[in-house]
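These notes are about the structure you will find just below.
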Amino acid sequence: MRTSGITTEEQQFAQELLDFIDESPSSFHVVESVKEILILHEFKELALEKKWSLLAGGKYFVTRNSSALIAFIVGEGEPDLYGFHLIGTHTDSPSFRIKPLSEIPVEGHYLKLNVETYGGPILNTWLDRPLSLAGRIVLRGESPFTPQIKLYHSDRPLLVIPNLGIHMNRKVNEGLELNKQKDMLPLLTQITDDLQTEGILIRHLAETLGCPSEDILDFDLFLHEYEKGCLIGLQKEYISSGRLDDLAMVHAGTKALASSKPALMTQVLACFDHEECGSTSKQGAASPFLAHILERILLAQKKDRESYFQALAHSFLISADMAHALHPNAGEKHDPVNRPILNGGPVIKISANQSYTTDAESAAVFEALCKQAGIQFQKFVNRSDERGGSTIGPISSTHLDIRSVDIGNPVLAMHSVRELGGVKDHLAIANIFAMFYKTL
Ligand SMILES: [Zn+2]
């Protein structure tokens with residue numbers, strides 16, 4: 001089926017996504033941006049360390065490590081009968097993390113930063129781009145166990161990883177091999193007479209925060225592309241932006257939950273961290289974070305563990321992470337017949353070897369929701385001789401006994417510093433999420 005024309009509403013919603021991504025340069029900022037939308041819609045923050053009392057129809061959220069978040073609207077029906085409708089996403093994206101003792105002088109002239117690769121970025125896309133720094137800085141608190149957390153986001157381009165000129169690398173266009181420790185270190189500054197290089201990064205951070213350098217105990221800082229994303233194509237039908245994986249799903253999920261009305265079941269949005277490195281952190285999908293929150297929702301309603309397991313049996317999870325669209329220059333990389341395209345609608349991801357949780361039954365649930373919302377969907381399977389990726393769905397499934405489908409919007413250049421998505425698909429998935437949250 002051919003794609004229909006692009007509407008202004010679709011372009012506006014894609015533009016909202018670009019603003020959301022621009023304001024969310026690290027997983028910590030993603031959580032802040034999600035919180036902002038939720039608070040605007042009267043969601044209340046719950047503390048993990050306090051006892052909860054929840055109201056039926058009440059809207060709440062919790063955060064973990066400032067980089068993961070679970071939001072929910074308590075169902076108005078009996079939880080053991082109606083369970084949870086969950087959407088799972090992730091806040092992190094491939095990048096580079098600043099190492100401790102990061103300043104490396106080069107022949108007394110340049111100062112570069114020592115970085116560690118995070119997740120699986122397409123390395124060469126990070127070259128020659130204005131880059132900036134974002135993340136969190138941890139300051140001395142009242143006691144050793146209560147350090148203060150401050151978010152940091154440089155508002156200007158600070159760093160660049162320059163390519164090697166073609167005359168020094170004549171075979172560059174036959175395939176570029178980049179070493180993560182040698183070739184990917186960003187240039188920070190010129191060493192001048194009056195510049196004290198030692199501790200320069202900490203001093204810059206302290207200046208920005210307006211605190212003494214000694215107060216900075218540690219930091220989680222990552223590189224990101226400085227330039228904002230844009231709509232592109234003759235009809236402005238594509239979204240060119242970094243971190244569509246998975247902020248497009250975080251954004252669509254947040255917007256859908258924020259505008260949802262209470263239903264009989266409890267509606268949940270989970271935004272995990274650390275998907276790009278395997279999800280095995282306390283705030284990742286392989287942690288007990290989600291299972292504990294779901295159980296506490298039941299306990300706060302004076303239900304027991306038996307009711308919790310009954311609720312799980314009535315629940316459904318949409319694991320939402322991006323999918324590969326048909327590449328205009330590399331059609332041979334795809335399955336011969338299942339070839340999702342940009343702007344062709346959300347993609348159901350299928351893998352016989354269970355890299356995705358989708359089965360015929362859970363796919364049918366998603367397909368029926370798409371039909372109900374009047375939205376086209378597509379299917380993705382790997383070419384049989386390609387390994388493909390995985391996502392949070394299968395990891396969540398090993399911790400939570402819930403029916404689940406893996407889906408995502410089609411993108412090109414997944415894990416490039418700039419990915420390419422479809423304008424139509426973004427509004428489409430938000431509408432399907434809204435339908436999922438209200439359909440029993
Ligand atoms: Zn992803």
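Residue names in the structure tokens use chain letters A, B, ... in the order shown, residue numbers from 1 in each chain, and ligand numbers from 1 in the order shown.
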
Please report, as a tab-separated table, each residue of chain A lying at most 9 Å from ligand 1, together with the nearest pair of atoms and the separation in Å rounded to one decimal; use only C-alpha atoms and all ligand atoms, and order rows by chain and ascending residue number.
residue	atom	partner	partner_atom_place_in_ligand_line	distance
A:Thr89	CA	ligand 1	1 (Zn)	7.8
A:His90	CA	ligand 1	1 (Zn)	6.6
A:Thr91	CA	ligand 1	1 (Zn)	8.7
A:Asp92	CA	ligand 1	1 (Zn)	8.0
A:Ser93	CA	ligand 1	1 (Zn)	7.2
A:Arg243	CA	ligand 1	1 (Zn)	8.8
A:Leu244	CA	ligand 1	1 (Zn)	8.5
A:Asp245	CA	ligand 1	1 (Zn)	4.7
A:Asp246	CA	ligand 1	1 (Zn)	4.8
A:Leu247	CA	ligand 1	1 (Zn)	8.6
A:Glu275	CA	ligand 1	1 (Zn)	6.7
A:Glu276	CA	ligand 1	1 (Zn)	6.7
A:Ala320	CA	ligand 1	1 (Zn)	8.3
A:Asp321	CA	ligand 1	1 (Zn)	4.8
A:Met322	CA	ligand 1	1 (Zn)	5.7
A:Ala323	CA	ligand 1	1 (Zn)	8.4
A:Ser390	CA	ligand 1	1 (Zn)	8.4
A:Thr391	CA	ligand 1	1 (Zn)	6.4
A:Ile392	CA	ligand 1	1 (Zn)	8.2
A:Gly408	CA	ligand 1	1 (Zn)	8.9
A:Met414	CA	ligand 1	1 (Zn)	8.5
A:His415	CA	ligand 1	1 (Zn)	8.5

Exercise: His204 of chain A partners within 9 Å, only C-alpha atoms, chain neighbours under 5 positions left out, as a PyMOL selection string: chain A and resi 199+209+213

List every residue of segment 375-434 of chain A that has an atom at most 9 Å from any atom of segment 333-351 of chain A, giving for each one its closest atom pair and the distance in Å to one decimal, counting only C-alpha atoms, sorted by chain and then by ascending residue number, as JSON lines.
{"residue": "A:Ile375", "atom": "CA", "partner": "A:Gly345", "partner_atom": "CA", "distance": 7.0}
{"residue": "A:Gln376", "atom": "CA", "partner": "A:Gly345", "partner_atom": "CA", "distance": 5.2}
{"residue": "A:Phe377", "atom": "CA", "partner": "A:Gly345", "partner_atom": "CA", "distance": 4.7}
{"residue": "A:Gln378", "atom": "CA", "partner": "A:Val347", "partner_atom": "CA", "distance": 4.6}
{"residue": "A:Lys379", "atom": "CA", "partner": "A:Ile348", "partner_atom": "CA", "distance": 4.7}
{"residue": "A:Phe380", "atom": "CA", "partner": "A:Lys349", "partner_atom": "CA", "distance": 4.9}
{"residue": "A:Val381", "atom": "CA", "partner": "A:Ile350", "partner_atom": "CA", "distance": 5.3}
{"residue": "A:Asn382", "atom": "CA", "partner": "A:Asp335", "partner_atom": "CA", "distance": 5.9}
{"residue": "A:Arg383", "atom": "CA", "partner": "A:Asp335", "partner_atom": "CA", "distance": 4.2}
{"residue": "A:Ser384", "atom": "CA", "partner": "A:Asp335", "partner_atom": "CA", "distance": 7.3}
{"residue": "A:Glu386", "atom": "CA", "partner": "A:Lys333", "partner_atom": "CA", "distance": 8.1}
{"residue": "A:Val405", "atom": "CA", "partner": "A:Ile348", "partner_atom": "CA", "distance": 7.6}
{"residue": "A:Asp406", "atom": "CA", "partner": "A:Lys349", "partner_atom": "CA", "distance": 5.5}
{"residue": "A:Ile407", "atom": "CA", "partner": "A:Ile348", "partner_atom": "CA", "distance": 4.4}
{"residue": "A:Gly408", "atom": "CA", "partner": "A:Val347", "partner_atom": "CA", "distance": 5.4}
{"residue": "A:Asn409", "atom": "CA", "partner": "A:Pro346", "partner_atom": "CA", "distance": 4.7}
{"residue": "A:Pro410", "atom": "CA", "partner": "A:Leu342", "partner_atom": "CA", "distance": 5.6}
{"residue": "A:Val411", "atom": "CA", "partner": "A:Leu342", "partner_atom": "CA", "distance": 6.6}
{"residue": "A:Leu412", "atom": "CA", "partner": "A:Leu342", "partner_atom": "CA", "distance": 8.1}
{"residue": "A:Leu420", "atom": "CA", "partner": "A:Leu342", "partner_atom": "CA", "distance": 8.6}
{"residue": "A:Gly421", "atom": "CA", "partner": "A:Leu342", "partner_atom": "CA", "distance": 6.3}
{"residue": "A:Gly422", "atom": "CA", "partner": "A:Asn343", "partner_atom": "CA", "distance": 4.6}
{"residue": "A:Val423", "atom": "CA", "partner": "A:Asn343", "partner_atom": "CA", "distance": 6.5}
{"residue": "A:Lys424", "atom": "CA", "partner": "A:Asn343", "partner_atom": "CA", "distance": 5.1}
{"residue": "A:Asp425", "atom": "CA", "partner": "A:Gly345", "partner_atom": "CA", "distance": 5.0}
{"residue": "A:His426", "atom": "CA", "partner": "A:Pro346", "partner_atom": "CA", "distance": 8.4}
{"residue": "A:Ala428", "atom": "CA", "partner": "A:Gly345", "partner_atom": "CA", "distance": 6.7}
{"residue": "A:Ile429", "atom": "CA", "partner": "A:Pro346", "partner_atom": "CA", "distance": 6.2}

Export N, CA, C and O atoms of the chosen residues as a short mmCIF file (atom, residue, chain, number, x, y, z; two decimals), in the first residue's frame?
data_model
loop_
_atom_site.label_atom_id
_atom_site.label_comp_id
_atom_site.auth_asym_id
_atom_site.auth_seq_id
_atom_site.Cartn_x
_atom_site.Cartn_y
_atom_site.Cartn_z
N ILE A 375 -4.96 2.76 11.48
CA ILE A 375 -3.55 3.01 11.15
C ILE A 375 -2.91 1.77 10.53
O ILE A 375 -3.09 0.65 11.00
N GLN A 376 -2.17 2.04 9.46
CA GLN A 376 -1.45 0.98 8.75
C GLN A 376 -0.27 0.47 9.59
O GLN A 376 0.38 1.26 10.26
N PHE A 377 0.00 -0.82 9.54
CA PHE A 377 1.19 -1.32 10.23
C PHE A 377 2.02 -2.15 9.25
O PHE A 377 1.56 -2.48 8.16
N GLN A 378 3.26 -2.47 9.64
CA GLN A 378 4.16 -3.24 8.78
C GLN A 378 4.83 -4.31 9.64
O GLN A 378 4.72 -4.29 10.86
N LYS A 379 5.53 -5.22 8.99
CA LYS A 379 6.22 -6.27 9.75
C LYS A 379 7.68 -6.34 9.37
O LYS A 379 8.03 -6.15 8.21
N PHE A 380 8.51 -6.62 10.37
CA PHE A 380 9.95 -6.75 10.14
C PHE A 380 10.42 -8.12 10.60
O PHE A 380 10.10 -8.56 11.70
N VAL A 381 11.17 -8.79 9.74
CA VAL A 381 11.96 -9.95 10.15
C VAL A 381 13.34 -9.77 9.54
O VAL A 381 13.47 -9.16 8.48
N ASN A 382 14.35 -10.27 10.20
CA ASN A 382 15.69 -10.16 9.64
C ASN A 382 15.81 -11.03 8.38
O ASN A 382 15.13 -12.06 8.27
N ARG A 383 16.69 -10.62 7.46
CA ARG A 383 17.14 -11.55 6.42
C ARG A 383 17.67 -12.75 7.18
O ARG A 383 18.33 -12.60 8.20
N SER A 384 17.44 -13.97 6.69
CA SER A 384 17.78 -15.16 7.49
C SER A 384 19.27 -15.31 7.76
O SER A 384 19.68 -16.02 8.68
N GLU A 386 21.22 -12.67 8.44
CA GLU A 386 21.66 -11.51 9.24
C GLU A 386 21.21 -11.75 10.68
O GLU A 386 20.12 -12.24 10.91
N VAL A 405 4.47 -7.78 22.93
CA VAL A 405 4.77 -7.64 21.50
C VAL A 405 5.91 -6.63 21.36
O VAL A 405 5.98 -5.67 22.12
N ASP A 406 6.83 -6.87 20.43
CA ASP A 406 7.88 -5.91 20.14
C ASP A 406 7.53 -5.14 18.88
O ASP A 406 7.30 -5.74 17.82
N ILE A 407 7.52 -3.84 19.02
CA ILE A 407 7.18 -2.99 17.86
C ILE A 407 8.11 -1.77 17.88
O ILE A 407 8.83 -1.55 18.85
N GLY A 408 8.05 -0.98 16.81
CA GLY A 408 8.81 0.27 16.81
C GLY A 408 8.59 0.96 15.48
O GLY A 408 8.12 0.34 14.52
N ASN A 409 8.92 2.22 15.43
CA ASN A 409 8.78 2.92 14.17
C ASN A 409 10.01 2.68 13.30
O ASN A 409 11.12 2.51 13.81
N PRO A 410 9.79 2.66 11.96
CA PRO A 410 10.90 2.41 11.05
C PRO A 410 11.89 3.57 11.02
O PRO A 410 11.46 4.73 10.98
N VAL A 411 13.16 3.28 11.06
CA VAL A 411 14.21 4.31 10.89
C VAL A 411 15.30 3.79 9.97
O VAL A 411 15.51 2.58 9.85
N LEU A 412 16.00 4.74 9.37
CA LEU A 412 17.24 4.43 8.65
C LEU A 412 18.39 4.87 9.53
O LEU A 412 18.23 5.75 10.39
N LEU A 420 17.20 8.65 10.62
CA LEU A 420 16.15 9.21 9.77
C LEU A 420 14.85 8.46 9.99
O LEU A 420 14.80 7.23 9.81
N GLY A 421 13.82 9.18 10.38
CA GLY A 421 12.51 8.55 10.62
C GLY A 421 11.44 9.17 9.74
O GLY A 421 11.71 10.09 8.96
N GLY A 422 10.23 8.68 9.86
CA GLY A 422 9.10 9.18 9.06
C GLY A 422 8.17 10.04 9.90
O GLY A 422 7.80 9.68 11.01
N VAL A 423 7.78 11.20 9.32
CA VAL A 423 6.90 12.14 10.01
C VAL A 423 5.55 11.49 10.32
O VAL A 423 5.00 11.63 11.42
N LYS A 424 5.00 10.74 9.35
CA LYS A 424 3.68 10.13 9.54
C LYS A 424 3.68 9.11 10.67
O LYS A 424 2.74 8.98 11.43
N ASP A 425 4.80 8.36 10.74
CA ASP A 425 4.85 7.25 11.70
C ASP A 425 4.77 7.73 13.14
O ASP A 425 4.26 7.03 14.01
N HIS A 426 5.30 8.93 13.39
CA HIS A 426 5.38 9.37 14.79
C HIS A 426 3.98 9.65 15.37
O HIS A 426 3.65 9.18 16.47
N ALA A 428 1.28 8.43 14.16
CA ALA A 428 0.57 7.15 14.09
C ALA A 428 0.81 6.33 15.36
O ALA A 428 -0.13 5.81 15.97
N ILE A 429 2.06 6.25 15.81
CA ILE A 429 2.35 5.40 16.97
C ILE A 429 1.75 6.01 18.24
O ILE A 429 1.24 5.29 19.11
#

6 Å contact set for segment 249-265 of chain A, only C-alpha atoms, chain neighbours under 6 positions out, as a PyMOL selection string: chain A and resi 38+41+57+75-77+82-84+89+430+433-434

All heavy atoms of the current selection, written as a short mmCIF file (atom, residue, chain, number, x, y, z; two decimals), in the first residue's frame:
data_model
loop_
_atom_site.label_atom_id
_atom_site.label_comp_id
_atom_site.auth_asym_id
_atom_site.auth_seq_id
_atom_site.Cartn_x
_atom_site.Cartn_y
_atom_site.Cartn_z
N LEU A 38 4.57 15.17 32.36
CA LEU A 38 3.66 14.49 33.29
C LEU A 38 3.12 15.45 34.34
O LEU A 38 1.93 15.44 34.65
CB LEU A 38 4.40 13.33 33.98
CG LEU A 38 4.82 12.16 33.08
CD1 LEU A 38 5.65 11.15 33.87
CD2 LEU A 38 3.60 11.47 32.45
N HIS A 41 0.42 17.53 33.35
CA HIS A 41 -0.85 16.79 33.29
C HIS A 41 -1.23 16.22 34.66
O HIS A 41 -1.92 15.19 34.74
CB HIS A 41 -0.78 15.69 32.23
CG HIS A 41 -0.77 16.23 30.84
ND1 HIS A 41 0.37 16.71 30.23
CD2 HIS A 41 -1.77 16.40 29.94
CE1 HIS A 41 0.06 17.14 29.02
NE2 HIS A 41 -1.22 16.96 28.82
N GLY A 57 -7.67 5.88 39.74
CA GLY A 57 -7.70 6.99 38.77
C GLY A 57 -6.60 8.01 39.00
O GLY A 57 -6.44 8.94 38.22
N GLY A 75 -5.71 2.03 37.81
CA GLY A 75 -6.98 1.59 37.21
C GLY A 75 -8.15 1.78 38.17
O GLY A 75 -7.98 1.75 39.38
N GLU A 76 -9.33 1.95 37.59
CA GLU A 76 -10.51 2.12 38.43
C GLU A 76 -11.23 0.80 38.68
O GLU A 76 -12.15 0.72 39.48
CB GLU A 76 -11.45 3.15 37.80
CG GLU A 76 -10.84 4.55 37.85
CD GLU A 76 -11.68 5.62 37.20
OE1 GLU A 76 -12.34 5.33 36.18
OE2 GLU A 76 -11.66 6.76 37.70
N GLY A 77 -10.77 -0.26 37.97
CA GLY A 77 -11.37 -1.59 38.19
C GLY A 77 -10.55 -2.38 39.20
O GLY A 77 -9.51 -1.92 39.67
N TYR A 82 -8.27 -6.70 35.94
CA TYR A 82 -7.99 -5.89 34.75
C TYR A 82 -6.50 -5.71 34.45
O TYR A 82 -6.13 -5.36 33.33
CB TYR A 82 -8.68 -4.53 34.86
CG TYR A 82 -10.19 -4.67 34.86
CD1 TYR A 82 -10.92 -4.61 36.05
CD2 TYR A 82 -10.87 -4.92 33.68
CE1 TYR A 82 -12.29 -4.78 36.05
CE2 TYR A 82 -12.25 -5.08 33.67
CZ TYR A 82 -12.95 -5.01 34.86
OH TYR A 82 -14.32 -5.17 34.85
N GLY A 83 -5.64 -5.93 35.44
CA GLY A 83 -4.20 -5.92 35.20
C GLY A 83 -3.65 -4.58 34.72
O GLY A 83 -4.20 -3.52 35.00
N PHE A 84 -2.54 -4.68 33.96
CA PHE A 84 -1.81 -3.50 33.50
C PHE A 84 -1.71 -3.46 31.97
O PHE A 84 -1.50 -4.49 31.35
CB PHE A 84 -0.36 -3.53 34.02
CG PHE A 84 -0.25 -3.67 35.51
CD1 PHE A 84 -0.03 -4.92 36.10
CD2 PHE A 84 -0.34 -2.56 36.34
CE1 PHE A 84 0.09 -5.05 37.48
CE2 PHE A 84 -0.22 -2.69 37.71
CZ PHE A 84 -0.01 -3.94 38.28
N THR A 89 9.96 1.49 27.01
CA THR A 89 10.85 2.26 26.11
C THR A 89 12.21 2.39 26.79
O THR A 89 12.39 1.91 27.90
CB THR A 89 10.30 3.69 25.91
OG1 THR A 89 10.33 4.35 27.19
CG2 THR A 89 8.88 3.70 25.40
N ALA A 430 1.76 7.35 18.33
CA ALA A 430 1.16 7.99 19.52
C ALA A 430 -0.34 7.68 19.57
O ALA A 430 -0.90 7.42 20.64
CB ALA A 430 1.40 9.49 19.48
N PHE A 433 -0.75 4.07 20.72
CA PHE A 433 -0.53 3.99 22.18
C PHE A 433 -1.77 4.48 22.94
O PHE A 433 -2.19 3.87 23.93
CB PHE A 433 0.69 4.83 22.59
CG PHE A 433 2.02 4.25 22.19
CD1 PHE A 433 3.18 5.04 22.22
CD2 PHE A 433 2.14 2.92 21.80
CE1 PHE A 433 4.41 4.50 21.86
CE2 PHE A 433 3.37 2.38 21.44
CZ PHE A 433 4.50 3.19 21.47
N ALA A 434 -2.34 5.59 22.45
CA ALA A 434 -3.55 6.12 23.10
C ALA A 434 -4.68 5.11 23.03
O ALA A 434 -5.40 4.88 24.01
CB ALA A 434 -3.95 7.44 22.44
#

Interatomic distance, atom CA of Asn163 of chain A to atom CA of Phe28 of chain A (Å, one decimal):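 Between atom CA of Asn163 of chain A and atom CA of Phe28 of chain A the gap is 29.8 Å.
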
Contacts of segment 215-224 of chain A at 7 Å (only C-alpha atoms; same-chain gap of 5+ positions) as a count of residues only: 15

Computed interatomic separation between atom CA of Pro288 of chain A and atom CA of Tyr308 of chain A (Å): 14.6 Å

Picked from segment 73-279 of chain A by DSSP as helix (DSSP H, G or I), as a count of residues only: 45

Spatial neighbours of Glu225 of chain A, 8 Å, only C-alpha atoms, chain gap at least 4 places, as an MDAnalysis selection string: chainID A and resid 126 129:132 242 417
